[in-house]
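Undergrad: Got run31.txt for you, compact mmCIF, C-alpha atoms:
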```txt
# COMPACT_ATOMS: atom_id res chain seq x y z
CA MET A 1 -41.61 16.34 -46.69
CA LEU A 2 -39.40 17.79 -49.45
CA LEU A 3 -36.12 17.12 -47.63
CA GLU A 4 -37.35 13.67 -46.62
CA LYS A 5 -38.03 12.78 -50.28
CA TYR A 6 -34.58 13.98 -51.37
CA ASN A 7 -32.96 11.99 -48.56
CA GLN A 8 -34.86 8.86 -49.60
CA LEU A 9 -33.60 9.38 -53.13
CA LEU A 10 -30.03 9.75 -51.88
CA GLU A 11 -30.28 6.51 -49.90
CA ALA A 12 -31.45 4.66 -53.00
CA LEU A 13 -28.72 6.32 -55.07
CA VAL A 14 -25.99 5.09 -52.71
CA VAL A 15 -27.34 1.55 -53.00
CA GLN A 16 -27.19 1.76 -56.80
CA LEU A 17 -23.69 3.30 -56.76
CA LYS A 18 -22.43 0.45 -54.58
CA LEU A 19 -24.07 -2.14 -56.81
CA PHE A 20 -22.71 -0.67 -60.01
CA TYR A 21 -19.20 0.42 -59.01
CA GLY A 22 -18.66 -2.29 -56.38
CA GLU A 23 -15.17 -2.25 -54.94
CA ARG A 24 -14.19 0.51 -57.39
CA LEU A 25 -16.34 3.00 -55.44
CA THR A 26 -14.30 5.12 -53.05
CA SER A 27 -16.65 7.96 -52.12
CA ALA A 28 -19.95 9.61 -52.94
CA ALA A 29 -20.93 13.08 -51.76
CA VAL A 30 -23.87 15.29 -52.56
CA PHE A 31 -23.27 19.03 -52.77
CA GLY A 32 -25.06 22.20 -53.80
CA SER A 33 -28.54 22.93 -52.45
CA VAL A 34 -29.23 19.26 -51.67
CA GLY A 35 -25.90 18.97 -49.84
CA ARG A 36 -26.79 22.07 -47.82
CA GLN A 37 -30.11 20.35 -47.00
CA MET A 38 -31.92 23.28 -48.66
CA PRO A 39 -33.36 21.86 -51.89
CA ASN A 40 -36.36 23.28 -53.67
CA TYR A 41 -38.84 21.43 -55.87
CA HIS A 42 -36.59 21.83 -58.92
CA SER A 43 -33.15 21.23 -57.39
CA ASP A 44 -30.88 18.89 -59.27
CA ILE A 45 -28.79 16.40 -57.33
CA ASP A 46 -25.14 17.36 -57.64
CA ILE A 47 -23.29 14.17 -56.83
CA LEU A 48 -19.52 13.66 -56.68
CA ILE A 49 -18.54 10.08 -57.34
CA ILE A 50 -14.96 9.02 -56.66
CA ALA A 51 -14.02 5.64 -58.07
CA GLU A 52 -11.09 3.64 -59.36
CA GLU A 53 -10.57 2.17 -62.81
CA LEU A 54 -12.69 4.79 -64.53
CA PRO A 55 -12.86 5.22 -68.29
CA VAL A 56 -10.79 8.11 -69.62
CA GLY A 57 -12.81 11.23 -70.31
CA ARG A 58 -16.00 12.81 -69.03
CA ILE A 59 -18.22 11.51 -71.83
CA LYS A 60 -17.22 7.89 -71.25
CA ARG A 61 -17.67 8.26 -67.50
CA VAL A 62 -21.13 9.75 -67.87
CA ALA A 63 -22.02 7.02 -70.36
CA GLU A 64 -20.98 4.43 -67.78
CA PHE A 65 -23.06 6.26 -65.13
CA GLU A 66 -26.17 5.86 -67.30
CA PHE A 67 -26.57 2.38 -65.81
CA VAL A 68 -27.10 3.95 -62.38
CA GLU A 69 -29.37 6.62 -63.85
CA LYS A 70 -31.58 3.99 -65.47
CA LYS A 71 -31.92 2.18 -62.14
CA MET A 72 -33.00 5.46 -60.49
CA GLU A 73 -35.43 6.47 -63.24
CA ASP A 74 -38.64 5.11 -61.68
CA LEU A 75 -37.94 6.64 -58.27
CA ILE A 76 -37.08 10.02 -59.78
CA GLU A 77 -40.23 9.86 -61.91
CA SER A 78 -42.36 8.99 -58.86
CA LEU A 79 -41.23 12.19 -57.13
CA LYS A 80 -43.16 14.19 -59.72
CA ASP A 81 -46.31 13.08 -57.88
CA PHE A 82 -45.05 15.28 -55.01
CA GLY A 83 -44.19 18.18 -57.32
CA ILE A 84 -40.46 17.35 -57.24
CA ASN A 85 -38.75 17.68 -60.62
CA THR A 86 -35.18 16.61 -60.10
CA TYR A 87 -32.39 14.90 -61.98
CA LEU A 88 -28.89 13.61 -61.31
CA SER A 89 -25.87 15.78 -62.11
CA PRO A 90 -22.83 13.56 -61.59
CA VAL A 91 -19.21 14.65 -61.36
CA ILE A 92 -17.06 11.54 -61.63
CA LYS A 93 -13.41 11.61 -60.60
CA SER A 94 -10.60 9.23 -59.78
CA LYS A 95 -8.77 9.38 -56.46
CA ASP A 96 -5.73 10.90 -58.19
CA GLU A 97 -7.88 13.64 -59.72
CA VAL A 98 -9.34 14.44 -56.31
CA ILE A 99 -5.89 14.59 -54.75
CA ALA A 100 -4.79 16.97 -57.53
CA GLY A 101 -7.59 19.29 -56.39
CA SER A 102 -10.36 21.28 -58.01
CA PRO A 103 -12.06 24.62 -57.35
CA LEU A 104 -15.25 22.55 -57.06
CA PHE A 105 -14.04 21.29 -53.68
CA LEU A 106 -13.94 24.79 -52.13
CA ASP A 107 -17.72 24.97 -51.68
CA MET A 108 -17.77 21.31 -50.74
CA THR A 109 -15.76 22.15 -47.61
CA VAL A 110 -18.92 23.92 -46.43
CA ASP A 111 -21.88 22.18 -48.01
CA ALA A 112 -21.00 18.63 -49.04
CA LYS A 113 -22.81 15.77 -47.39
CA ILE A 114 -20.71 12.63 -47.65
CA LEU A 115 -22.93 9.65 -48.36
CA TYR A 116 -20.26 6.96 -48.65
CA ASP A 117 -16.54 7.19 -47.93
CA LYS A 118 -14.30 4.13 -47.95
CA GLY A 119 -11.44 4.68 -45.51
CA ASP A 120 -12.55 8.30 -44.95
CA PHE A 121 -10.79 9.22 -48.20
CA PHE A 122 -12.88 12.24 -49.16
CA ALA A 123 -13.43 13.39 -45.57
CA THR A 124 -9.64 13.52 -45.20
CA VAL A 125 -9.28 15.53 -48.42
CA LEU A 126 -11.95 18.01 -47.34
CA ASN A 127 -10.48 18.33 -43.84
CA GLY A 128 -7.07 19.11 -45.33
CA LEU A 129 -8.58 21.72 -47.61
CA ARG A 130 -10.56 23.26 -44.72
CA LYS A 131 -7.34 23.51 -42.71
CA ARG A 132 -5.51 25.21 -45.57
CA LEU A 133 -8.38 27.66 -46.18
CA SER A 134 -8.33 28.51 -42.48
CA GLU A 135 -4.56 29.11 -42.56
CA LEU A 136 -5.03 31.50 -45.49
CA GLY A 137 -7.91 33.29 -43.77
CA SER A 138 -10.18 32.40 -46.71
CA LYS A 139 -13.75 33.60 -46.65
CA ARG A 140 -16.78 32.35 -48.54
CA ILE A 141 -18.88 35.32 -49.58
CA PHE A 142 -22.49 35.31 -50.72
CA ARG A 143 -23.35 37.99 -53.24
CA GLY A 144 -26.52 38.15 -55.27
CA ASN A 145 -27.52 34.54 -55.63
CA ALA A 146 -24.04 33.01 -55.72
CA PHE A 147 -21.06 32.25 -53.54
CA PHE A 148 -17.49 33.18 -54.27
CA TRP A 149 -14.26 32.80 -52.33
CA ASP A 150 -11.76 35.40 -51.18
CA LEU A 151 -8.96 32.88 -50.77
CA LYS A 152 -6.51 35.23 -49.08
CA PRO A 153 -8.00 38.52 -47.91
CA ASP A 154 -4.57 39.93 -47.05
CA TYR A 155 -3.06 39.00 -50.44
CA LYS A 156 -0.12 41.13 -51.55
CA PRO A 157 0.79 41.57 -55.24
CA TYR A 158 3.13 38.86 -56.56
CA GLU A 159 2.59 36.73 -53.47
CA ASP A 160 2.55 33.02 -54.28
CA ILE A 161 -0.46 31.21 -52.84
CA THR A 162 -0.72 27.43 -52.67
CA ILE A 163 -3.93 25.77 -51.64
```
Using structure tokens, write down the structure that the file contains.
TA:
Amino acid sequence: MLLEKYNQLLEALVVQLKLFYGERLTSAAVFGSVGRQMPNYHSDIDILIIAEELPVGRIKRVAEFEFVEKKMEDLIESLKDFGINTYLSPVIKSKDEVIAGSPLFLDMTVDAKILYDKGDFFATVLNGLRKRLSELGSKRIFRGNAFFWDLKPDYKPYEDITI
């Protein structure tokens, strides 16, 4: 029931993202515990939104996203009847910013669930990153309650590594 409720929320979120961003929307992917399909009753929804013609700066992008958040408010509130206390945690990037890369994408190679992807843009980015991590012999390690990456287990001092 829990996973079903999160998935219903994600479906509604994609509809609202398409309505708001329109043709500017390139991709949307959920990551973290919800992306791994392992949410709990208090999991937030980590959502990567890739769009064109975005305002400059995180604050302006989040302010713009408030329109989507308002549209989702009633559905999110209704989940409390099932004991689910969640909220949206957006990361909003342009295509150029995604191409430039981010450490955030490392875990997404393993646990992102792509919800929308015009022209397979983000799938292509993640596949390229997966390939590079494989070439380096990278390993994702779970310690305590967190993941970290050993990007090149056979690293030698002063060796230049490009991801």
Undergrad: Identify, on the basis of all atoms listed in the file, every residue whose closest approach to Lys71 of chain A does not exceed 10 Å; exclude the query and any residue fewer than 5 positions from it along the same chain; express the result as a list in words.
TA: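 After dropping sequence-adjacent residues, the list is Ala12, Leu13, Gln16, Leu17, Phe20, Glu66 and Ile76 of chain A.
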Undergrad: Show me as a PyMOL selection string the residues that reach within 12 Å of (-33.1, 15.5, -50.1), counting only C-alpha atoms and using the file's own coordinates.
TA: chain A and resi 1-13+30-47+76+79+84+86-87+113+115
Undergrad: What's around Arg24 of chain A at 12 Å? Count all atoms listed in the file, leave out sequence neighbours fewer than 4 positions away in its own chain, and write the answer as an MDAnalysis selection string.
TA: chainID A and resid 17:20 28 49:55 93:95 117:118
Undergrad: Can you list, as a list in words, every protein, DNA or RNA residue that comes within 9 Å of segment 96-109 of chain A when you count all atoms listed in the file, leaving out same-chain residues fewer than 6 positions away?
TA: Ala29, Val30, Phe31, Gly32, Gly35, Ile50, Phe122, Val125, Leu126, Asn127, Leu129, Arg130, Leu133, Arg140, Phe147, Phe148, Trp149 and Ile163 of chain A
Undergrad: What is the atom CA of Gly119 of chain A-atom CA of Ser134 of chain A distance in Å, reported with one decimal?
TA: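 Between these atoms lies a distance of 24.2 Å.
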Undergrad: Pick out the closest residue to Ile161 of chain A from this set: A:Gly57, A:Asn145, A:Leu25, A:Ser138. Count all atoms listed in the file.
TA: A:Ser138
Undergrad: To one decimal place, how far is atom CA of Lys152 of chain A from atom CA of Gly137 of chain A in Å?
TA: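 Here the two named atoms are 5.8 Å from each other.
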Undergrad: Hey, can you check how far atom CA of Asp160 of chain A sits from atom CA of Leu136 of chain A?
TA: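 So the two atoms, atom CA of Asp160 of chain A and atom CA of Leu136 of chain A, lie 11.7 Å apart.
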Undergrad: May I have the centre and edge lengths, in Å to one decimal, of an axis-aligned box around the listed atoms of segment 46-55 of chain A with 6 Å added to every side, as lines of an AutoDock Vina configuration file?
TA:
```
center_x = -17.9
center_y = 9.8
center_z = -62.5
size_x = 26.6
size_y = 27.2
size_z = 23.6
```
Undergrad: Under the rule that all atoms listed in the file are counted, which of A:Val110, A:Val91, A:Val15, A:Met72 is the nearest residue to Ile141 of chain A?
TA: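 The closest residue to Ile141 of chain A is A:Val110.
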Undergrad: With distances taken over only C-alpha atoms, which of A:Gly144, A:Gly128, A:Pro153, A:Pro90 is nearest to Ile59 of chain A?
TA: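 With only C-alpha atoms as the atom set, the closest residue is A:Pro90.
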